[in-house]
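Visitor: Okay, handing you the structure first.
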Amino acid sequence: MAAMTTGAKARWTLLDIIVVIYALVPVLWIVSLSFKTPATLTDGNFIPREWTLQNYADIFSTTTFLRALGNSIGIALISTLIAVVLGTMAAYAIARLEFPGKRALVGVSLLIAMFPQVSLVSPLFEMERSLGLFDTWPGLILPYITFALPLAIYTLSAFFREIPWELEKAAKMDGATPAQAFRRVIAPLAAPGVFTTAILVFIFCWNDFLFAISLTSTEASRTVPAALSFFTGSSQFEDPTGTISAAAVVITIPIIVFVLFFQRRIVAGLTSGAVKG
Amino acid sequence: MAEIVLDKVSKQYPDGALAVSDVDLTIADGEFIILVGPSGCGKSTTLNMIAGLEDITSGELRIDGERVNERAPKDRDIAMVFQSYALYPHMTVRENMAFPLRLAKVDDKTVRAKVDEAARILDLTQHLDRRPSNLSGGQRQRVAMGRAIVRDPKAFLMDEPLSNLDAKLRVQMRTSVAKIQKKLGTTTVYVTHDQTEAMTLGDRVVVMRGGLVQQIGSPQFLYEQPVNLFVAGFIGSPSMNFVPARLENSSVSSPLGNFPLTDRIRTLLEDADAPREVIMGLRPEHFEDATLLDDTAMSGGATFESTVDVLESMGSDKFAYFTLEGEMATSAELEELAADAGASDLSADGTQIITRLSASSQAKEGHPARIWFDTDKIHLFDPHNGRNFTYAD
Amino acid sequence: MSQTVVPPPGSTQPADPPRRQKVSEGKRAERKLAWLLCAPAALVMVAVTGYPIAYSIWLSLQRYDLRFPDQREFIGFDNYITVLSNGYWWNAFWVTSLITVISVVIELVLGMALALIMHRTLVARGLVRTVALIPYGIVTVVAAFSWRYAWTQDTGYLAELVAPESALLTERAPALAIIILAEVWKTVPFMALLLMAGLALVPEDLLKAASMDGASAWQRFTKVMLPVMKPAILVALLFRTLDAFRIFDNIFVLTAGAQETSSVSMITYSNLIRGLNLGIGSTMSVLIFVAVALIAFIFVKVFGTAAPGSDDRGRR
């Protein structure tokens, strides 16, 4: 692109800047709020006039937030692990094997991907209460796995279809046993897809609010998004704005890290699977 | 180094399709053999059965006299070069070539030496630490070759290894494949649909069609003595001309005119009990511009006169194209050949003839020319089953 | 896939039954493996959705209020009559539909613009793609809080900027607009990614050919790109419409459903978790499910009718 004119360059730069502003302003705003002192919190200024770390100190000194953070991390990680393992198995079958019922499975996962989650809240609420799962980790992990599976299956089977499976034959000709062919040739090639899927699934679980707020009632399993809405200006916090902002920033950090380091993979995963995350 | 024997080998898929039927073939130690035919003829399936990548439905495959039907590919000690090269994208060139040796638990020093040696032969030394994605098509092809030769296997199997290269590189690589094979003296089975590769590379060529072996022989023999219409049309470029012809007593009537049969052909026909309606085939090089020949030279043939449609000068010689009046020769084999060449829907009035004339010919496009042809070089085929009546082994 | 085994032509050789059986055995083994691999995923999905859906339908036919569990009884379609004749439900339904339609339309336009920028920009493409992913990845509730504080009187920079004298989130129309803004902001990047996948399918040569044929940039976009991308656009629209219809998080944080800004998901939640009325809640769940199924059905019909027509558009 050596012949790019300065005019074109300027135009694209301008458009790029608009995109950056679009994406970053709301994020920077909540960051700004999290650093404001109680006195300047309501000055309506985009950039804090006085900076403080007090809000972060506050949230990390309460069990409410720490418990919620622990729940969020634990539940999201476990759900991701299980969904990716189950999804990998199913996606391998879909991409590589011929079997009756394949279309049905794909159809069911598509249905679930589009399913209104709120329709499940009532029956799950009642079922989990009678099964003793209500307000427990498994009580959230189960629906997360369910709704993450279609995403995992679609993304993974798209990735698996891209793997040149002829290499498996080549490995056999090179003297590999089926196990060696899998471990030394197929697994290294499949790993990036599995990893990408894990990120997408994690983001999905990390994000959920509806199940988190409907199927929990105490700190035992309430995740951060749900806990945020219970931060109130009670005796502990005068005005929750600063602490909510700080907590919000904390749970945004992993997302930013994923996006910064794995942008290419996330884009590839989302566009290949073409399912909602 | 090994002898490979296919004894009535057949492949039938679970849906009933018969991909390969009763192939009998003995490949001598060190021989370079080509399996050639249009797509779907069973040549790749045959190769995969030798490799062990596909099960043999019936018959027996022996390598060095041992039955290997049930052996896994890894236990057959055979290397394969794939059409897509099948290089491992997550490994460097060195790692790719070393992979089979590592699997065989060869010690590091030997691996290094063998890979370096193969890289030197294939001119890959300076690319050893690169990934396949950073290589050109020709380099990738050489890495695939390298991975096959480092192991010093009993045999090489090559599945259209040059078909992804552009024309010029393909010619180059063709020569180096031949050289390497001669140098190593390893038994090689090479699948292609390109008849030029078949003609130039192989010690022997196996022509297949619809899962059946049509003819096995040296390239020159297949060219001169095709056993049927299919082999005649498939081998040779430009391909053999086919016109409908009628046998009357001891002469032929055809769009090329009427002429007497030579004694040699008449004898062959009498033995073969040929019908009256036949298809006549004649290769382009058996034509010549009549003005360049004296009477003695012309005595062994006949002439026809027609307008030159197109004249292509190749420098060394000239190709003159004619359209002769009358019906086109039709048969199932010819249709299949046309379909394989992608020319099945090219319609033309009359019969197209390609002739190869000397460079000194004065024939001009759009002008009539008198063309001589050698009547002893004609082939006569049965239009129903394609059999060559003039075949003599 | 047919399972019939046609006898080989001229099967004079011994029929070789053990070997043929081995082939079908291999096929059976493949199926068995496939089912084994799919079973856990399928079981979880069906157990956590299939059974609850059925259970939800059963619950919706009962009077079942957790505050008065003694009064639980089967009442047929009474709950449906109650809900469907209730003004709050219909208000929520129209609010949801309004938010869905407006936000999806805006998302399509902005998403297309963003897709074009991400796809074609000559400057800092990686940066733009990275940054654009942030709204996609960020927790919806976090973004919603950001918007809420931005529009809160005295606290927010946007409130200060636009209407310092009024509390916009406490008025119905501005509140809905802010909800739509929050929804659009969050989902435009996802829309753009889906559309970018479609853009990548438009051959560069096709655009070059169009400009050689005298098409302006706008004509290339409307006459070449859009028709080629049509399937991708429809898929993106379908996903986003169904997703927008279940809007919950943003409304919960921004207005909590005050000033009649509840969506259907929101009032279902209120009836269920706050009102503890399982019968009514389940009825609403079923109705939302039906509505979503209807939307999907209509979209699929559109696919069905539109797909074959794409041919003659190419010829034009």
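Please note that chains go A, B, ... in the order of the structure tokens, that every chain numbers its residues from 1, and that ligands are numbered from 1 in the order shown.
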Considering only C-alpha atoms, extract the chain B residues located within 8 Å of chain C and return them as a PDB file with N, CA and C atoms, in the first residue's frame.
Guide:
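Output contents, as saved in selection.pdb:
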```
ATOM      1  N   GLN B  12     -14.685 -52.338  -3.169  1.00  0.00           N
ATOM      2  CA  GLN B  12     -16.103 -52.025  -3.286  1.00  0.00           C
ATOM      3  C   GLN B  12     -16.509 -51.237  -2.050  1.00  0.00           C
ATOM      4  N   PRO B  14     -19.141 -49.512   0.732  1.00  0.00           N
ATOM      5  CA  PRO B  14     -20.326 -50.062   1.405  1.00  0.00           C
ATOM      6  C   PRO B  14     -21.625 -49.760   0.648  1.00  0.00           C
ATOM      7  N   ASP B  15     -21.655 -48.666  -0.115  1.00  0.00           N
ATOM      8  CA  ASP B  15     -22.886 -48.369  -0.846  1.00  0.00           C
ATOM      9  C   ASP B  15     -22.979 -49.184  -2.135  1.00  0.00           C
ATOM     10  N   GLY B  16     -22.030 -50.078  -2.343  1.00  0.00           N
ATOM     11  CA  GLY B  16     -22.117 -50.966  -3.488  1.00  0.00           C
ATOM     12  C   GLY B  16     -21.263 -50.550  -4.666  1.00  0.00           C
ATOM     13  N   ALA B  17     -20.793 -49.310  -4.661  1.00  0.00           N
ATOM     14  CA  ALA B  17     -20.013 -48.832  -5.799  1.00  0.00           C
ATOM     15  C   ALA B  17     -18.697 -49.591  -5.893  1.00  0.00           C
ATOM     16  N   LEU B  18     -18.401 -50.048  -7.098  1.00  0.00           N
ATOM     17  CA  LEU B  18     -17.175 -50.800  -7.323  1.00  0.00           C
ATOM     18  C   LEU B  18     -16.131 -49.827  -7.860  1.00  0.00           C
ATOM     19  N   THR B  57     -11.092 -54.797  -0.568  1.00  0.00           N
ATOM     20  CA  THR B  57     -12.305 -55.595  -0.417  1.00  0.00           C
ATOM     21  C   THR B  57     -12.029 -57.061  -0.718  1.00  0.00           C
ATOM     22  N   SER B  58     -11.344 -57.292  -1.843  1.00  0.00           N
ATOM     23  CA  SER B  58     -10.958 -58.672  -2.127  1.00  0.00           C
ATOM     24  C   SER B  58      -9.669 -58.664  -2.925  1.00  0.00           C
TER      25      SER B  58
END
```
Visitor: Counting only C-alpha atoms, which residues of chain A fall within 6 Å of chain C, and what is the closest atom pair for each with its distance in Å at one decimal, ordered by chain and rising number, as CSV?
Guide:
```
residue,atom,partner,partner_atom,distance
A:Trp12,CA,C:Thr121,CA,5.9
A:Ala23,CA,C:Ala132,CA,5.9
A:Pro26,CA,C:Ser146,CA,5.9
A:Ile30,CA,C:Ser146,CA,5.3
A:Thr42,CA,C:Thr155,CA,4.0
A:Asp43,CA,C:Thr155,CA,5.8
A:Gly44,CA,C:Thr155,CA,4.5
A:Asn45,CA,C:Tyr157,CA,5.7
A:Phe46,CA,C:Tyr157,CA,5.8
A:Leu86,CA,C:Ala41,CA,5.4
A:Met89,CA,C:Leu37,CA,5.0
A:Ala90,CA,C:Cys38,CA,4.3
A:Ala93,CA,C:Ala34,CA,5.0
A:Phe99,CA,C:Arg31,CA,5.1
A:Pro116,CA,C:Arg246,CA,5.8
A:Val118,CA,C:Ser265,CA,5.8
A:Ser119,CA,C:Ser285,CA,4.0
A:Ser122,CA,C:Ser282,CA,5.6
A:Pro123,CA,C:Ser56,CA,5.1
A:Thr146,CA,C:Met45,CA,5.1
A:Asn207,CA,C:Val139,CA,4.7
A:Ala248,CA,C:Val142,CA,5.3
A:Ile255,CA,C:Gly137,CA,5.8
A:Gln263,CA,C:Thr130,CA,5.4
A:Thr271,CA,C:Ala197,CA,5.5
```
Visitor: Report as JSON, numbers by chain the set of chain A residues whose atoms approach chain B to within 10 Å, with distances computed over only C-alpha atoms.
Guide: {"A": [164, 165, 166, 167, 168, 169, 170, 171, 172, 173, 174, 175, 176, 177, 178, 180, 181, 184, 185, 186, 188, 189]}
Visitor: Between B:Met298, B:Leu311, B:Val106, B:Leu6, which has the minimum distance to Phe373 in chain B (counting only C-alpha atoms)?
Guide: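 Using only C-alpha atoms, the shortest distance to Phe373 in chain B belongs to B:Met298.
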Visitor: Kindly indicate which residue among C:Val184, C:Val162, C:Leu116, C:Leu234 lies nearest to Val101 in chain C, using only C-alpha atoms for the distances.
Guide: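 Between C:Val184, C:Val162, C:Leu116, C:Leu234, the residue approaching Val101 in chain C most closely is C:Val184.
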Visitor: Show which residues sit within 10 Å of Val207 in chain B, as an MDAnalysis selection string. Count only C-alpha atoms, and ignore same-chain residues fewer than 3 positions away.
Guide: chainID B and resid 34:38 41 43 193 195 198 204 212:217 222 230:231 234:235
Visitor: Produce a file of the selected residues containing N, CA and C atoms, as a PDB file, in the first residue's frame.
Guide:
```
ATOM      1  N   ILE B  34       3.355 -45.849 -13.538  1.00  0.00           N
ATOM      2  CA  ILE B  34       2.388 -44.758 -13.524  1.00  0.00           C
ATOM      3  C   ILE B  34       0.982 -45.330 -13.611  1.00  0.00           C
ATOM      4  N   LEU B  35       0.100 -44.846 -12.727  1.00  0.00           N
ATOM      5  CA  LEU B  35      -1.324 -45.158 -12.887  1.00  0.00           C
ATOM      6  C   LEU B  35      -1.969 -43.914 -13.469  1.00  0.00           C
ATOM      7  N   VAL B  36      -2.591 -44.071 -14.628  1.00  0.00           N
ATOM      8  CA  VAL B  36      -3.148 -42.897 -15.286  1.00  0.00           C
ATOM      9  C   VAL B  36      -4.565 -43.183 -15.748  1.00  0.00           C
ATOM     10  N   GLY B  37      -5.357 -42.141 -15.814  1.00  0.00           N
ATOM     11  CA  GLY B  37      -6.732 -42.284 -16.279  1.00  0.00           C
ATOM     12  C   GLY B  37      -7.512 -41.055 -15.877  1.00  0.00           C
ATOM     13  N   PRO B  38      -8.726 -40.917 -16.401  1.00  0.00           N
ATOM     14  CA  PRO B  38      -9.537 -39.749 -16.047  1.00  0.00           C
ATOM     15  C   PRO B  38      -9.978 -39.822 -14.583  1.00  0.00           C
ATOM     16  N   CYS B  41     -11.395 -42.976 -12.160  1.00  0.00           N
ATOM     17  CA  CYS B  41     -11.100 -44.244 -12.817  1.00  0.00           C
ATOM     18  C   CYS B  41     -10.599 -45.288 -11.837  1.00  0.00           C
ATOM     19  N   LYS B  43      -7.703 -44.905  -9.970  1.00  0.00           N
ATOM     20  CA  LYS B  43      -6.245 -44.907  -9.796  1.00  0.00           C
ATOM     21  C   LYS B  43      -5.835 -44.489  -8.388  1.00  0.00           C
ATOM     22  N   HIS B 193      -3.338 -37.745 -13.788  1.00  0.00           N
ATOM     23  CA  HIS B 193      -4.317 -37.791 -14.871  1.00  0.00           C
ATOM     24  C   HIS B 193      -3.741 -37.117 -16.102  1.00  0.00           C
ATOM     25  N   GLN B 195      -1.471 -37.169 -19.146  1.00  0.00           N
ATOM     26  CA  GLN B 195      -0.846 -38.208 -19.964  1.00  0.00           C
ATOM     27  C   GLN B 195       0.599 -37.859 -20.309  1.00  0.00           C
ATOM     28  N   ALA B 198       2.618 -39.194 -17.618  1.00  0.00           N
ATOM     29  CA  ALA B 198       2.626 -40.641 -17.758  1.00  0.00           C
ATOM     30  C   ALA B 198       3.645 -41.067 -18.795  1.00  0.00           C
ATOM     31  N   ARG B 204       6.762 -48.101 -16.920  1.00  0.00           N
ATOM     32  CA  ARG B 204       5.550 -48.677 -17.489  1.00  0.00           C
ATOM     33  C   ARG B 204       4.361 -47.829 -17.068  1.00  0.00           C
ATOM     34  N   LEU B 212     -11.283 -50.412 -14.058  1.00  0.00           N
ATOM     35  CA  LEU B 212     -10.691 -51.547 -14.766  1.00  0.00           C
ATOM     36  C   LEU B 212      -9.384 -51.133 -15.415  1.00  0.00           C
ATOM     37  N   VAL B 213      -8.403 -52.035 -15.365  1.00  0.00           N
ATOM     38  CA  VAL B 213      -7.157 -51.780 -16.068  1.00  0.00           C
ATOM     39  C   VAL B 213      -7.409 -51.986 -17.558  1.00  0.00           C
ATOM     40  N   GLN B 214      -7.048 -50.972 -18.361  1.00  0.00           N
ATOM     41  CA  GLN B 214      -7.246 -51.082 -19.798  1.00  0.00           C
ATOM     42  C   GLN B 214      -6.031 -51.713 -20.462  1.00  0.00           C
ATOM     43  N   GLN B 215      -4.860 -51.216 -20.092  1.00  0.00           N
ATOM     44  CA  GLN B 215      -3.649 -51.707 -20.750  1.00  0.00           C
ATOM     45  C   GLN B 215      -2.446 -51.363 -19.874  1.00  0.00           C
ATOM     46  N   ILE B 216      -1.484 -52.240 -19.874  1.00  0.00           N
ATOM     47  CA  ILE B 216      -0.245 -51.994 -19.138  1.00  0.00           C
ATOM     48  C   ILE B 216       0.900 -52.138 -20.115  1.00  0.00           C
ATOM     49  N   GLY B 217       1.814 -51.192 -20.124  1.00  0.00           N
ATOM     50  CA  GLY B 217       2.940 -51.333 -21.028  1.00  0.00           C
ATOM     51  C   GLY B 217       3.844 -50.127 -20.964  1.00  0.00           C
ATOM     52  N   LEU B 222       2.296 -48.276 -25.522  1.00  0.00           N
ATOM     53  CA  LEU B 222       0.909 -47.806 -25.427  1.00  0.00           C
ATOM     54  C   LEU B 222       0.591 -46.821 -26.543  1.00  0.00           C
ATOM     55  N   PHE B 230     -10.116 -46.178 -26.058  1.00  0.00           N
ATOM     56  CA  PHE B 230      -9.909 -45.315 -24.906  1.00  0.00           C
ATOM     57  C   PHE B 230      -8.425 -45.010 -24.723  1.00  0.00           C
ATOM     58  N   VAL B 231      -7.594 -46.049 -24.754  1.00  0.00           N
ATOM     59  CA  VAL B 231      -6.156 -45.846 -24.579  1.00  0.00           C
ATOM     60  C   VAL B 231      -5.622 -45.001 -25.731  1.00  0.00           C
ATOM     61  N   PHE B 234      -6.563 -41.476 -25.088  1.00  0.00           N
ATOM     62  CA  PHE B 234      -6.044 -40.876 -23.864  1.00  0.00           C
ATOM     63  C   PHE B 234      -4.555 -40.578 -23.972  1.00  0.00           C
ATOM     64  N   ILE B 235      -3.808 -41.478 -24.609  1.00  0.00           N
ATOM     65  CA  ILE B 235      -2.361 -41.323 -24.706  1.00  0.00           C
ATOM     66  C   ILE B 235      -2.031 -40.542 -25.973  1.00  0.00           C
TER      67      ILE B 235
END
```
Visitor: I need the residues of range 197-325 of chain B that end up classed as alpha helix (DSSP H) by DSSP on the backbone, written out as a PyMOL selection string.
Guide: chain B and resi 197-201+219-224+229-234+263-272+295-298
Visitor: Could those residues be written to a file, using C-alpha atoms, as a PDB file, in the first residue's frame?
Guide:
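What follows is the written file out_10.pdb:
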```pdb
ATOM      1  CA  GLU B 197       3.612 -37.058 -17.110  1.00  0.00           C
ATOM      2  CA  ALA B 198       2.626 -40.641 -17.758  1.00  0.00           C
ATOM      3  CA  MET B 199       4.554 -40.735 -21.033  1.00  0.00           C
ATOM      4  CA  THR B 200       7.677 -39.014 -19.782  1.00  0.00           C
ATOM      5  CA  LEU B 201       8.120 -40.453 -16.286  1.00  0.00           C
ATOM      6  CA  PRO B 219       4.836 -45.533 -22.820  1.00  0.00           C
ATOM      7  CA  GLN B 220       6.048 -46.105 -26.360  1.00  0.00           C
ATOM      8  CA  PHE B 221       4.166 -49.368 -26.662  1.00  0.00           C
ATOM      9  CA  LEU B 222       0.909 -47.806 -25.427  1.00  0.00           C
ATOM     10  CA  TYR B 223       1.397 -45.014 -27.902  1.00  0.00           C
ATOM     11  CA  GLU B 224       1.993 -47.264 -30.858  1.00  0.00           C
ATOM     12  CA  LEU B 229     -10.164 -46.662 -28.456  1.00  0.00           C
ATOM     13  CA  PHE B 230      -9.909 -45.315 -24.906  1.00  0.00           C
ATOM     14  CA  VAL B 231      -6.156 -45.846 -24.579  1.00  0.00           C
ATOM     15  CA  ALA B 232      -5.622 -44.548 -28.113  1.00  0.00           C
ATOM     16  CA  GLY B 233      -7.514 -41.360 -27.320  1.00  0.00           C
ATOM     17  CA  PHE B 234      -6.044 -40.876 -23.864  1.00  0.00           C
ATOM     18  CA  ASP B 263      -1.374 -55.905 -46.424  1.00  0.00           C
ATOM     19  CA  ARG B 264      -0.387 -55.763 -42.772  1.00  0.00           C
ATOM     20  CA  ILE B 265      -3.699 -54.272 -41.738  1.00  0.00           C
ATOM     21  CA  ARG B 266      -5.742 -56.494 -44.001  1.00  0.00           C
ATOM     22  CA  THR B 267      -4.246 -59.584 -42.378  1.00  0.00           C
ATOM     23  CA  LEU B 268      -4.976 -58.259 -38.895  1.00  0.00           C
ATOM     24  CA  LEU B 269      -8.566 -57.451 -39.859  1.00  0.00           C
ATOM     25  CA  GLU B 270      -9.196 -60.874 -41.280  1.00  0.00           C
ATOM     26  CA  ASP B 271      -8.107 -62.454 -38.014  1.00  0.00           C
ATOM     27  CA  ALA B 272     -10.257 -60.054 -36.006  1.00  0.00           C
ATOM     28  CA  ASP B 295       6.120 -39.694 -55.607  1.00  0.00           C
ATOM     29  CA  THR B 296       8.080 -42.500 -53.936  1.00  0.00           C
ATOM     30  CA  ALA B 297       7.438 -41.031 -50.527  1.00  0.00           C
ATOM     31  CA  MET B 298       3.750 -40.655 -51.310  1.00  0.00           C
TER      32      MET B 298
END
```
Visitor: Give me, as a ChimeraX atom specification, all polymer residues having an atom no more than 7 Å from Thr188 in chain B, counting only C-alpha atoms and skipping those fewer than 4 positions away in the same chain.
Guide: /B:31-33,155-157
Visitor: Take the residues from that selection and put them in a file with C-alpha atoms, as a CSV table (one decimal), in the first residue's frame.
Guide:
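The resulting file, again-v2.csv, is shown below:
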```csv
chain,number,residue,atom,x,y,z
B,31,GLU,CA,10.4,-49.8,-11.2
B,32,PHE,CA,8.7,-46.4,-11.8
B,33,ILE,CA,5.1,-47.2,-12.6
B,155,ALA,CA,8.4,-47.7,-2.0
B,156,PHE,CA,7.2,-44.3,-2.9
B,157,LEU,CA,3.6,-43.6,-3.6
```
Visitor: Give the answer as one residue: which of B:Trp372, B:Arg62, B:Arg142, B:Ser218 has the shortest atom-to-atom distance to Asp294 in chain B, using only C-alpha atoms?
Guide: B:Trp372
Visitor: Excluding same-chain residues fewer than 2 positions from Asp64 in chain B, what lies within 8 Å of it counting only C-alpha atoms, as a ChimeraX atom specification?
Guide: /B:2-4,62,66
Visitor: Output the selection as a compact mmCIF listing (two decimals), in the first residue's frame - N, CA and C atoms for each residue.
Guide:
```txt
# COMPACT_ATOMS: atom_id res chain seq x y z
N ALA B 2 11.61 -52.91 -3.15
CA ALA B 2 10.65 -53.99 -2.98
C ALA B 2 9.87 -54.25 -4.25
N GLU B 3 9.39 -55.46 -4.34
CA GLU B 3 8.47 -55.80 -5.42
C GLU B 3 7.06 -55.72 -4.85
N ILE B 4 6.17 -55.09 -5.58
CA ILE B 4 4.79 -54.97 -5.11
C ILE B 4 3.89 -55.73 -6.07
N ARG B 62 0.75 -57.94 -2.05
CA ARG B 62 1.99 -58.49 -1.48
C ARG B 62 3.13 -57.52 -1.70
N GLU B 66 5.16 -60.85 0.77
CA GLU B 66 4.40 -60.99 2.01
C GLU B 66 3.03 -60.34 1.85
```
